[in-house]
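File shown: upload-v9.cif (mmCIF, C-alpha atoms and all ligand atoms).
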data_entry
#
loop_
_atom_site.label_atom_id
_atom_site.label_comp_id
_atom_site.auth_asym_id
_atom_site.auth_seq_id
_atom_site.Cartn_x
_atom_site.Cartn_y
_atom_site.Cartn_z
CA MET A 29 8.95 -29.62 -13.98
CA THR A 30 10.77 -31.00 -10.93
CA PRO A 31 12.61 -29.40 -7.99
CA THR A 32 15.87 -29.81 -9.94
CA ASP A 33 14.48 -27.26 -12.39
CA ILE A 34 14.26 -24.58 -9.68
CA PRO A 35 17.50 -22.71 -10.54
CA HIS A 36 16.65 -22.68 -14.24
CA VAL A 37 13.08 -21.52 -13.65
CA LEU A 38 14.19 -18.79 -11.23
CA HIS A 39 16.77 -17.54 -13.69
CA ARG A 40 14.11 -17.19 -16.37
CA ALA A 41 11.59 -15.61 -13.98
CA TYR A 42 14.21 -13.07 -12.90
CA GLN A 43 14.83 -12.13 -16.53
CA GLN A 44 11.12 -11.88 -17.26
CA VAL A 45 10.42 -9.58 -14.30
CA THR A 46 13.49 -7.36 -14.41
CA GLN A 47 14.31 -7.51 -18.14
CA ARG A 48 17.92 -8.14 -17.08
CA ASP A 49 20.20 -11.17 -17.17
CA PRO A 50 21.28 -11.96 -13.61
CA GLY A 51 24.25 -14.11 -14.70
CA THR A 52 24.96 -17.06 -12.44
CA LEU A 53 22.76 -17.04 -9.36
CA HIS A 54 24.80 -18.12 -6.32
CA ARG A 55 23.08 -19.45 -3.22
CA ASP A 56 24.56 -16.83 -0.94
CA THR A 57 23.72 -13.85 -3.16
CA ASP A 58 21.54 -11.25 -1.43
CA ILE A 59 18.45 -10.78 -3.58
CA ARG A 60 18.23 -7.06 -2.82
CA ALA A 61 21.83 -6.69 -4.00
CA LEU A 62 20.64 -7.92 -7.40
CA GLY A 63 18.41 -4.86 -7.54
CA VAL A 64 15.21 -6.83 -6.99
CA ASP A 65 12.62 -5.14 -4.78
CA SER A 66 10.01 -6.98 -2.71
CA VAL A 67 7.26 -6.63 -5.32
CA GLN A 68 9.51 -7.97 -8.08
CA LEU A 69 10.56 -10.81 -5.81
CA LEU A 70 6.93 -11.73 -5.24
CA GLU A 71 6.30 -11.77 -8.98
CA ILE A 72 9.37 -13.98 -9.52
CA ILE A 73 8.03 -16.38 -6.87
CA VAL A 74 4.58 -16.47 -8.47
CA ILE A 75 6.06 -17.24 -11.90
CA ALA A 76 8.24 -19.99 -10.41
CA GLU A 77 5.31 -21.46 -8.46
CA THR A 78 3.22 -21.58 -11.60
CA GLU A 79 5.95 -23.13 -13.75
CA LEU A 80 6.95 -25.68 -11.12
CA GLY A 81 3.39 -26.49 -10.07
CA LEU A 82 4.14 -25.55 -6.47
CA ARG A 83 2.45 -23.41 -3.87
CA VAL A 84 4.41 -21.52 -1.21
CA PRO A 85 2.42 -20.57 1.92
CA ASP A 86 1.99 -16.80 2.37
CA ALA A 87 3.70 -16.98 5.75
CA ALA A 88 6.97 -18.07 4.09
CA LEU A 89 7.14 -15.09 1.74
CA GLY A 90 8.56 -12.58 4.23
CA GLY A 91 11.70 -14.57 5.10
CA VAL A 92 13.53 -14.63 1.77
CA GLU A 93 16.85 -12.79 1.71
CA THR A 94 19.22 -14.83 -0.45
CA ILE A 95 18.97 -16.91 -3.59
CA GLY A 96 19.53 -19.96 -1.36
CA ASP A 97 16.46 -19.00 0.73
CA LEU A 98 14.46 -18.88 -2.49
CA TYR A 99 15.70 -22.32 -3.64
CA ASP A 100 14.96 -23.81 -0.23
CA MET A 101 11.51 -22.23 0.01
CA LEU A 102 10.51 -23.59 -3.39
CA GLY A 103 12.15 -26.94 -2.60
CA ARG A 104 9.95 -27.25 0.49
CA ALA A 105 6.75 -26.01 -1.20
CA ALA A 106 3.79 -28.30 -1.59
CA PRO A 107 2.46 -29.22 -5.02
CA GLN A 108 -0.22 -26.83 -6.18
CA ALA A 109 -3.78 -28.00 -5.57
CA ARG A 110 -5.62 -28.76 -8.77
CA THR A 111 -9.01 -27.43 -9.73
CA PRO A 112 -11.61 -30.15 -9.61
CA LEU A 113 -12.11 -31.52 -13.07
CA PRO A 114 -15.21 -30.11 -14.73
CA ALA A 115 -17.88 -32.43 -16.06
CA PRO A 116 -16.42 -34.12 -19.10
CA ALA A 117 -17.08 -32.22 -22.27
CA PRO A 118 -18.55 -34.13 -25.14
CA ALA A 119 -15.76 -35.78 -27.08
CA PRO A 120 -14.82 -33.79 -30.16
CA ALA A 121 -16.12 -35.24 -33.35
CA GLN A 122 -13.53 -37.34 -35.06
CA GLY A 123 -10.86 -35.27 -36.73
CA GLN A 124 -11.88 -32.08 -34.87
CA ALA A 125 -9.07 -30.34 -32.99
CA PRO A 126 -9.65 -29.11 -29.42
CA ALA A 127 -10.10 -25.36 -29.03
CA GLN A 128 -6.76 -23.64 -29.43
CA GLY A 129 -5.05 -21.93 -26.53
CA GLN A 130 -7.07 -23.71 -23.89
CA ALA A 131 -4.97 -25.38 -21.21
CA PRO A 132 -5.95 -28.86 -20.08
CA ALA A 133 -8.20 -28.56 -17.02
CA ALA A 134 -5.65 -30.33 -14.83
CA ALA A 135 -3.07 -27.67 -15.65
CA ARG A 136 -5.20 -24.82 -14.37
CA THR A 137 -4.39 -23.71 -10.88
CA ALA A 138 -6.75 -23.59 -7.92
CA ARG A 139 -7.67 -20.27 -6.37
CA MET B 16 -17.00 8.06 -17.43
CA THR B 17 -17.97 5.63 -14.72
CA SER B 18 -21.34 3.91 -15.20
CA ILE B 19 -24.42 5.17 -13.34
CA ALA B 20 -24.76 1.88 -11.43
CA LEU B 21 -21.16 2.08 -10.27
CA ARG B 22 -21.48 5.73 -9.26
CA GLU B 23 -24.60 4.91 -7.24
CA ALA B 24 -22.77 2.06 -5.54
CA PHE B 25 -19.89 4.45 -4.73
CA HIS B 26 -22.38 6.83 -3.18
CA ARG B 27 -23.81 4.10 -0.97
CA GLU B 28 -20.30 3.19 0.15
CA PHE B 29 -19.58 6.81 0.94
CA MET B 30 -22.73 7.08 3.06
CA THR B 31 -21.75 3.94 4.99
CA PHE B 32 -18.25 5.32 5.51
CA PHE B 33 -19.58 8.74 6.50
CA GLU B 34 -22.18 7.45 8.94
CA ARG B 35 -19.59 5.32 10.70
CA ALA B 36 -17.13 8.22 10.78
CA GLU B 37 -19.72 10.61 12.20
CA ARG B 38 -20.98 8.17 14.81
CA THR B 39 -17.81 6.41 15.94
CA ARG B 40 -14.61 8.00 14.68
CA ARG B 41 -14.74 11.77 15.11
CA TRP B 42 -11.97 13.32 17.19
CA ASN B 43 -10.58 16.78 17.56
CA VAL B 44 -7.10 18.16 17.91
CA PHE B 45 -7.96 20.28 20.96
CA ASP B 46 -9.74 17.89 23.31
CA ASP B 47 -8.85 14.33 22.37
CA ILE B 48 -5.08 14.41 22.68
CA PRO B 49 -3.72 14.24 26.25
CA TRP B 50 -2.03 17.65 26.16
CA ASP B 51 -2.11 17.65 29.97
CA ARG B 52 0.67 15.02 29.85
CA LEU B 53 3.16 17.07 27.81
CA ASP B 54 5.57 17.09 30.76
CA GLU B 55 6.06 13.34 30.20
CA VAL B 56 7.25 13.81 26.60
CA PRO B 57 10.88 12.63 26.41
CA ALA B 58 13.50 14.72 24.60
CA ARG B 59 14.09 12.16 21.87
CA ASP B 60 15.31 13.61 18.57
CA GLU B 61 14.27 10.59 16.52
CA LEU B 62 10.65 10.85 17.69
CA ALA B 63 10.54 14.55 16.85
CA LEU B 64 12.11 13.94 13.44
CA ALA B 65 9.55 11.22 12.66
CA ALA B 66 6.65 13.44 13.77
CA GLU B 67 7.98 16.30 11.64
CA THR B 68 8.48 13.98 8.65
CA PHE B 69 4.92 12.65 8.77
CA CYS B 70 3.63 16.17 9.36
CA GLY B 71 5.44 17.19 6.16
CA ILE B 72 3.97 14.33 4.15
CA GLU B 73 0.48 15.16 5.41
CA MET B 74 1.08 18.82 4.48
CA PHE B 75 0.89 17.98 0.78
CA LEU B 76 -2.85 17.61 1.36
CA PRO B 77 -3.86 20.41 -1.05
CA ASP B 78 -2.01 18.59 -3.86
CA TYR B 79 -3.49 15.21 -2.91
CA LEU B 80 -6.98 16.65 -2.75
CA GLN B 81 -6.68 18.49 -6.02
CA ALA B 82 -5.47 15.32 -7.73
CA HIS B 83 -8.41 13.28 -6.50
CA LEU B 84 -11.07 15.89 -7.14
CA SER B 85 -9.84 16.68 -10.63
CA LEU B 86 -10.36 13.03 -11.62
CA LEU B 87 -13.80 12.68 -10.08
CA ALA B 88 -16.02 15.02 -12.10
CA GLY B 89 -19.58 13.69 -12.01
CA ASP B 90 -18.76 11.08 -9.39
CA TYR B 91 -20.73 12.42 -6.43
CA GLY B 92 -19.94 9.62 -3.97
CA GLN B 93 -16.19 9.66 -4.43
CA ALA B 94 -16.01 13.45 -4.64
CA TRP B 95 -17.88 13.77 -1.33
CA PHE B 96 -15.62 11.13 0.12
CA SER B 97 -12.60 13.18 -0.97
CA ALA B 98 -14.01 16.28 0.72
CA ASN B 99 -14.54 14.36 3.95
CA TRP B 100 -11.20 12.59 3.60
CA GLY B 101 -9.52 15.99 3.18
CA TYR B 102 -11.05 17.19 6.47
CA GLU B 103 -9.75 14.11 8.27
CA GLU B 104 -6.30 14.32 6.68
CA ALA B 105 -6.07 18.02 7.56
CA LYS B 106 -6.27 17.07 11.22
CA HIS B 107 -3.32 14.69 10.84
CA ALA B 108 -0.90 17.45 9.88
CA LEU B 109 -2.38 19.77 12.51
CA ALA B 110 -2.15 17.22 15.34
CA LEU B 111 1.51 16.49 14.54
CA ARG B 112 2.30 20.18 14.22
CA GLU B 113 0.63 20.95 17.57
CA TYR B 114 2.56 18.10 19.17
CA LEU B 115 5.89 19.47 17.94
CA LEU B 116 5.08 23.01 19.06
CA ARG B 117 3.39 22.30 22.39
CA SER B 118 6.08 19.81 23.44
CA GLY B 119 8.78 22.37 22.64
CA ARG B 120 10.47 19.93 20.22
CA ARG B 121 10.17 22.59 17.48
CA THR B 122 9.76 26.36 17.62
CA GLU B 123 7.22 28.43 15.68
CA THR B 124 10.05 29.66 13.47
CA GLN B 125 11.28 26.13 12.75
CA MET B 126 7.79 24.99 11.84
CA ARG B 127 7.23 28.01 9.63
CA GLU B 128 10.50 27.37 7.78
CA PHE B 129 9.68 23.70 7.46
CA GLY B 130 6.20 24.54 6.17
CA ASP B 131 7.66 26.98 3.66
CA ALA B 132 10.12 24.35 2.40
CA VAL B 133 7.31 21.80 2.04
CA THR B 134 4.85 24.06 0.28
CA ALA B 135 7.55 25.24 -2.14
CA ARG B 136 7.38 21.76 -3.65
CA HIS B 137 4.52 20.22 -5.58
CA TRP B 138 3.26 16.64 -5.52
CA GLU B 139 2.12 15.17 -8.83
CA PRO B 140 -0.36 12.28 -8.85
CA PRO B 141 1.40 9.10 -9.98
CA TYR B 142 -1.57 7.76 -12.00
CA ARG B 143 -3.98 9.33 -14.43
CA THR B 144 -7.19 7.31 -14.22
CA PRO B 145 -9.65 7.30 -11.31
CA ARG B 146 -9.47 3.51 -10.99
CA GLN B 147 -5.68 3.42 -10.80
CA MET B 148 -5.82 6.20 -8.23
CA VAL B 149 -8.26 4.08 -6.19
CA VAL B 150 -5.78 1.18 -6.27
CA TYR B 151 -2.96 3.53 -5.35
CA SER B 152 -4.98 5.05 -2.51
CA ALA B 153 -5.95 1.65 -1.07
CA LEU B 154 -2.27 0.61 -0.93
CA GLN B 155 -1.05 4.00 0.23
CA GLU B 156 -3.56 4.26 3.09
CA LEU B 157 -2.66 0.80 4.38
CA THR B 158 1.06 1.51 4.07
CA THR B 159 0.51 4.74 5.99
CA PHE B 160 -1.44 2.85 8.64
CA VAL B 161 1.47 0.40 9.07
CA SER B 162 3.93 3.30 9.37
CA TYR B 163 1.84 5.01 12.04
CA ARG B 164 1.36 1.74 13.90
CA GLU B 165 5.14 1.31 14.01
CA GLN B 166 5.67 4.92 15.08
CA ARG B 167 3.03 4.57 17.77
CA GLU B 168 4.88 1.56 19.14
CA LEU B 169 8.17 3.51 19.14
CA ALA B 170 6.49 6.41 20.96
CA ARG B 171 4.91 4.05 23.45
CA ARG B 172 8.24 2.35 24.15
CA ALA B 173 9.87 5.76 24.63
CA HIS B 174 7.11 6.58 27.18
CA ASP B 175 5.62 9.41 25.13
CA PRO B 176 1.87 9.17 25.84
CA VAL B 177 1.01 12.26 23.80
CA LEU B 178 2.64 11.22 20.54
CA ALA B 179 1.44 7.64 20.95
CA GLU B 180 -2.15 8.90 21.15
CA VAL B 181 -1.68 11.22 18.17
CA TYR B 182 -0.49 8.26 16.12
CA ARG B 183 -3.33 6.05 17.37
CA LEU B 184 -5.98 8.55 16.28
CA ILE B 185 -4.34 9.17 12.91
CA GLY B 186 -3.74 5.47 12.28
CA ARG B 187 -7.39 4.66 12.93
CA ASP B 188 -8.40 7.22 10.28
CA GLU B 189 -5.91 5.76 7.79
CA MET B 190 -7.35 2.28 8.27
CA ALA B 191 -10.88 3.61 7.68
CA HIS B 192 -9.70 5.30 4.47
CA CYS B 193 -8.04 2.08 3.37
CA ARG B 194 -11.25 0.10 3.94
CA PHE B 195 -13.26 2.61 1.90
CA TYR B 196 -10.87 2.37 -1.05
CA GLN B 197 -10.85 -1.42 -0.80
CA ARG B 198 -14.64 -1.45 -1.07
CA ILE B 199 -14.56 0.88 -4.08
CA LEU B 200 -11.99 -1.41 -5.64
CA GLY B 201 -14.25 -4.38 -4.94
CA LEU B 202 -17.02 -2.65 -6.89
CA HIS B 203 -14.62 -2.02 -9.77
CA LEU B 204 -13.66 -5.70 -9.74
CA ASP B 205 -17.32 -6.69 -9.91
CA GLU B 206 -17.84 -4.45 -12.91
CA ASP B 207 -14.62 -5.12 -14.86
CA ARG B 208 -12.51 -7.82 -13.27
CA THR B 209 -9.86 -8.10 -15.97
CA GLY B 210 -9.32 -4.37 -16.39
CA THR B 211 -9.25 -3.80 -12.63
CA LEU B 212 -6.75 -6.63 -12.10
CA LYS B 213 -4.52 -5.10 -14.76
CA ASP B 214 -4.69 -1.73 -13.01
CA LEU B 215 -3.97 -3.44 -9.71
CA ALA B 216 -0.92 -5.24 -11.12
CA HIS B 217 0.35 -2.06 -12.77
CA VAL B 218 0.03 0.02 -9.61
CA VAL B 219 1.58 -2.72 -7.46
CA ARG B 220 4.57 -2.85 -9.83
CA THR B 221 5.09 0.90 -9.80
CA PHE B 222 3.91 1.83 -6.29
CA ARG B 223 5.87 4.41 -4.33
CA MET B 224 4.77 6.19 -1.17
CA PRO B 225 4.04 9.89 -1.75
CA ALA B 226 6.13 12.92 -1.08
CA HIS B 227 9.07 11.57 0.95
CA GLU B 228 11.38 12.67 -1.83
CA LEU B 229 9.93 16.20 -1.69
CA LEU B 230 10.81 16.86 1.95
CA PRO B 231 13.81 18.94 3.01
CA ASP B 232 16.79 17.00 4.51
CA ARG B 233 15.57 13.92 2.76
CA GLU B 234 18.55 11.68 3.67
CA ASP B 235 18.04 12.28 7.40
CA ARG B 236 14.44 11.13 7.06
CA GLU B 237 15.15 7.93 5.16
CA SER B 238 15.02 5.77 8.28
CA VAL B 239 11.59 7.22 9.15
CA ARG B 240 10.29 6.20 5.73
CA THR B 241 11.54 2.63 6.04
CA THR B 242 10.63 1.98 9.68
CA GLY B 243 8.43 -1.10 9.73
CA PHE B 244 9.14 -1.99 6.11
CA GLY B 245 12.24 -4.16 6.34
CA ASN B 246 12.47 -7.61 4.81
CA GLY B 247 9.43 -7.77 2.54
CA ALA B 248 6.99 -6.19 5.00
CA PHE B 249 5.27 -4.29 2.18
CA ILE B 250 4.28 -7.70 0.81
CA THR B 251 3.21 -9.30 4.09
CA GLU B 252 1.72 -6.23 5.77
CA VAL B 253 0.21 -4.38 2.82
CA LEU B 254 -0.07 -6.25 -0.45
CA LEU B 255 -1.21 -9.71 0.67
CA PRO B 256 -3.73 -8.34 3.21
CA SER B 257 -5.06 -5.98 0.52
CA LEU B 258 -5.48 -8.83 -1.94
CA GLY B 259 -7.08 -10.95 0.78
CA ALA B 260 -9.60 -8.19 1.57
CA LEU B 261 -10.56 -8.20 -2.11
CA GLY B 262 -10.92 -11.98 -2.22
CA LEU B 263 -7.85 -12.24 -4.47
CA THR B 264 -4.58 -14.15 -4.34
CA ARG B 265 -1.18 -13.17 -5.68
CA HIS B 266 -1.80 -15.63 -8.51
CA ASP B 267 -4.95 -13.75 -9.58
CA LEU B 268 -2.91 -10.58 -9.68
CA TYR B 269 -0.19 -11.84 -11.97
CA SER B 270 -2.26 -14.12 -14.17
CA ALA B 271 -4.49 -11.26 -15.27
CA ALA B 272 -1.50 -9.01 -15.67
CA ALA B 273 0.59 -11.38 -17.75
CA THR B 274 0.19 -9.20 -20.81
CA VAL B 275 1.30 -6.00 -19.10
CA PRO B 276 5.01 -5.31 -19.57
CA ALA B 277 6.95 -5.65 -16.34
CA ALA B 278 9.04 -2.54 -17.00
CA ARG B 279 9.06 -0.09 -14.08
FE FE C 1 -3.12 10.98 6.95
FE FE C 2 -5.51 8.62 5.04
#
Write the structure described by the file as structure tokens, please.
Amino acid sequence: MTPTDIPHVLHRAYQQVTQRDPGTLHRDTDIRALGVDSVQLLEIIVIAETELGLRVPDAALGGVETIGDLYDMLGRAAPQARTPLPAPAPAPAQGQAPAQGQAPAAARTAR
Amino acid sequence: MTSIALREAFHREFMTFFERAERTRRWNVFDDIPWDRLDEVPARDELALAAETFCGIEMFLPDYLQAHLSLLAGDYGQAWFSANWGYEEAKHALALREYLLRSGRRTETQMREFGDAVTARHWEPPYRTPRQMVVYSALQELTTFVSYREQRELARRAHDPVLAEVYRLIGRDEMAHCRFYQRILGLHLDEDRTGTLKDLAHVVRTFRMPAHELLPDREDRESVRTTGFGNGAFITEVLLPSLGALGLTRHDLYSAAATVPAAR
């Protein structure tokens, strides 16, 4: 994912949180006017951060009013810190698949 | 039923809370409010309306208390906390009522009619399990603290020393209640992190402050409800500090809750 994916990711996050299709999201649209409350907005931001591999500082969360603010905030966000890699696991025996459903360590987010 | 170990831990938390309350936080409506400065109280309708609104919300205490106690059978620590909490909350409604009457901002008849209108309605608890009610209470107490802090500042700016002190005393209680519920929630997280995080996410998604909608002349009171909560302040003033106090981030909240439907 790259910053150019931000509009697409936000569109999907909006749908996931509100169960509604927002249509085209214009930069100057007021987020509250879309019927999104502050808790839903936070959840949208968390989903977008996770998908884009970004981390927005807490202090920036209070200042979002429009879709453009959201794009800009995510555009400015730092890449998410990665968890330190655990000690390497023994290599799977030849032909053995890795455990299903487990994300690669580098994809897990730091606390 | 909550485990014995958890119930014993709740009891220890209650004793810590109670000792601190008894030693450092007791106040009374008759002596600790500067009633001798009533002549300085300004005739400001918005301050009186806010005091009456919060008085009304606090007057649903019997419903709040019943809801908590009915969920806490066999849980000595939390039940005793609720009894003590009820005593402290009772003073909040009384202090605001006394302020309105002694300052002349409301008459006895007005307060009786207001009280009748309030008690004609019934508050229903928004959640059905003790743990979800703990989450709800932790958020609600902190939200209430923020509201009273804002109202105290408005009273202070309007040069009303009596109301400012009423709000200070009440707000300090609300913060102590919030801390207690946060510690109970911390114990729940230690015992069942995934289940507690799911409850936390569910309550956060559905959280509403109690009883505003039950008050008479609701539309006139809307600005009182929202004072201090513009522009995402619930997130920055309540939710993120609450998560921080529990050693959690917003990512913990939503990762554990990913399987819970987001419908509200
Ligand atoms: Fe209270
Ligand atoms: Fe309280």
A:Asp97: which residues within 10 Å, counting only C-alpha atoms, same-chain residues fewer than 4 positions away excluded, as an MDAnalysis selection string?
-> chainID A and resid 55:59 91:93 101:103
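A straight line drawn from atom CA of B:Ser85 to atom CA of B:Phe249 is 28.8 Å long.
Considering the residues A:Leu82, A:Ile72, A:Val67, A:Ala105 and counting all atoms listed in the file, chain B has its shortest atom-to-atom contact with A:Val67.
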Please determine the residues with any atom at most 12 Å from (5.3, 19.9, -0.4) (coordinates as given in the file, with all atoms listed in the file counting) and report them as number ranges by chain.
-> B: 68-79, 129-139, 225-231
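Atom CA of A:Val84 is found 6.8 Å from atom CA of A:Ala106.
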Among the residues B:Leu64, B:Ala88, B:Ala153, B:Val218, the one that comes closest to ligand FE 2 (chain C) [using all atoms listed in the file] | B:Ala153
Residues of chain B within 8 Å of chain A, all atoms listed in the file counted, as a list in words |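 Here is what falls inside 8 Å: Val219, Arg220, Asn246, Gly247, Ala248, Phe249, Ile250, Thr251, Leu255, Thr264, Arg265, His266, Asp267, Tyr269, Ala277 and Ala278 of chain B.
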The centre and edge lengths of an axis-aligned box containing all atoms of stretch 86-91 of chain A present in the file, extended by 5 Å on each side, are to be given in Å to one decimal, as JSON.
{"center_x": 6.8, "center_y": -15.3, "center_z": 3.7, "size_x": 19.7, "size_y": 15.5, "size_z": 14.0}
Quick one: pull the distance between atom CA of B:Arg164 and atom CA of B:Glu180, Å, one decimal.
->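 Going from atom CA of B:Arg164 over to atom CA of B:Glu180, I get 10.8 Å.
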Close residues to ligand FE 1 (chain C) using only C-alpha atoms and all ligand atoms, limit 9 Å, as an mmCIF file with C-alpha atoms, in the frame of the given file:
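Printed below is out-v7.cif as written:
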data_model
loop_
_atom_site.group_PDB
_atom_site.id
_atom_site.type_symbol
_atom_site.label_atom_id
_atom_site.label_comp_id
_atom_site.auth_asym_id
_atom_site.auth_seq_id
_atom_site.Cartn_x
_atom_site.Cartn_y
_atom_site.Cartn_z
ATOM 1 C CA PHE B 69 4.920 12.650 8.770
ATOM 2 C CA CYS B 70 3.630 16.170 9.360
ATOM 3 C CA ILE B 72 3.970 14.330 4.150
ATOM 4 C CA GLU B 73 0.480 15.160 5.410
ATOM 5 C CA LEU B 76 -2.850 17.610 1.360
ATOM 6 C CA TRP B 100 -11.200 12.590 3.600
ATOM 7 C CA GLY B 101 -9.520 15.990 3.180
ATOM 8 C CA GLU B 103 -9.750 14.110 8.270
ATOM 9 C CA GLU B 104 -6.300 14.320 6.680
ATOM 10 C CA ALA B 105 -6.070 18.020 7.560
ATOM 11 C CA LYS B 106 -6.270 17.070 11.220
ATOM 12 C CA HIS B 107 -3.320 14.690 10.840
ATOM 13 C CA ALA B 108 -0.900 17.450 9.880
ATOM 14 C CA GLU B 156 -3.560 4.260 3.090
ATOM 15 C CA THR B 159 0.510 4.740 5.990
ATOM 16 C CA PHE B 160 -1.440 2.850 8.640
ATOM 17 C CA ILE B 185 -4.340 9.170 12.910
ATOM 18 C CA GLY B 186 -3.740 5.470 12.280
ATOM 19 C CA ASP B 188 -8.400 7.220 10.280
ATOM 20 C CA GLU B 189 -5.910 5.760 7.790
#
Considering only C-alpha atoms, return as number ranges by chain whatever protein or nucleic-acid residues lie within 12 Å of B:Gln125, sequence-local ones (same chain, fewer than 6 positions apart) excluded.
-> B: 67, 112, 115-116, 119, 131-132
Next, dump the selected residues to file, keeping only C-alpha atoms, as a PDB file, keeping the file's coordinate frame.
ATOM      1  CA  GLU B  67       7.980  16.300  11.640  1.00  0.00           C
ATOM      2  CA  ARG B 112       2.300  20.180  14.220  1.00  0.00           C
ATOM      3  CA  LEU B 115       5.890  19.470  17.940  1.00  0.00           C
ATOM      4  CA  LEU B 116       5.080  23.010  19.060  1.00  0.00           C
ATOM      5  CA  GLY B 119       8.780  22.370  22.640  1.00  0.00           C
ATOM      6  CA  ASP B 131       7.660  26.980   3.660  1.00  0.00           C
ATOM      7  CA  ALA B 132      10.120  24.350   2.400  1.00  0.00           C
TER       8      ALA B 132
END
Surrounding residues of B:Ala173 excluding itself and chain neighbours under 3 positions, 12 Å, all atoms listed in the file, as a short mmCIF file (atom, residue, chain, number, x, y, z; two decimals) with C-alpha atoms, in the frame of the given file:
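Written file, selection_23.cif:
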data_model
loop_
_atom_site.label_atom_id
_atom_site.label_comp_id
_atom_site.auth_asym_id
_atom_site.auth_seq_id
_atom_site.Cartn_x
_atom_site.Cartn_y
_atom_site.Cartn_z
CA GLU B 55 6.06 13.34 30.20
CA VAL B 56 7.25 13.81 26.60
CA PRO B 57 10.88 12.63 26.41
CA ALA B 58 13.50 14.72 24.60
CA ARG B 59 14.09 12.16 21.87
CA ASP B 60 15.31 13.61 18.57
CA GLU B 61 14.27 10.59 16.52
CA LEU B 62 10.65 10.85 17.69
CA ALA B 63 10.54 14.55 16.85
CA GLN B 166 5.67 4.92 15.08
CA ARG B 167 3.03 4.57 17.77
CA GLU B 168 4.88 1.56 19.14
CA LEU B 169 8.17 3.51 19.14
CA ALA B 170 6.49 6.41 20.96
CA PRO B 176 1.87 9.17 25.84
CA VAL B 177 1.01 12.26 23.80
CA LEU B 178 2.64 11.22 20.54
CA ALA B 179 1.44 7.64 20.95
#
Nearest to ligand FE 2 (chain C), chosen from B:Cys193, B:Met224, B:Leu154, B:Ala94, with all atoms listed in the file counted in the distances = B:Cys193
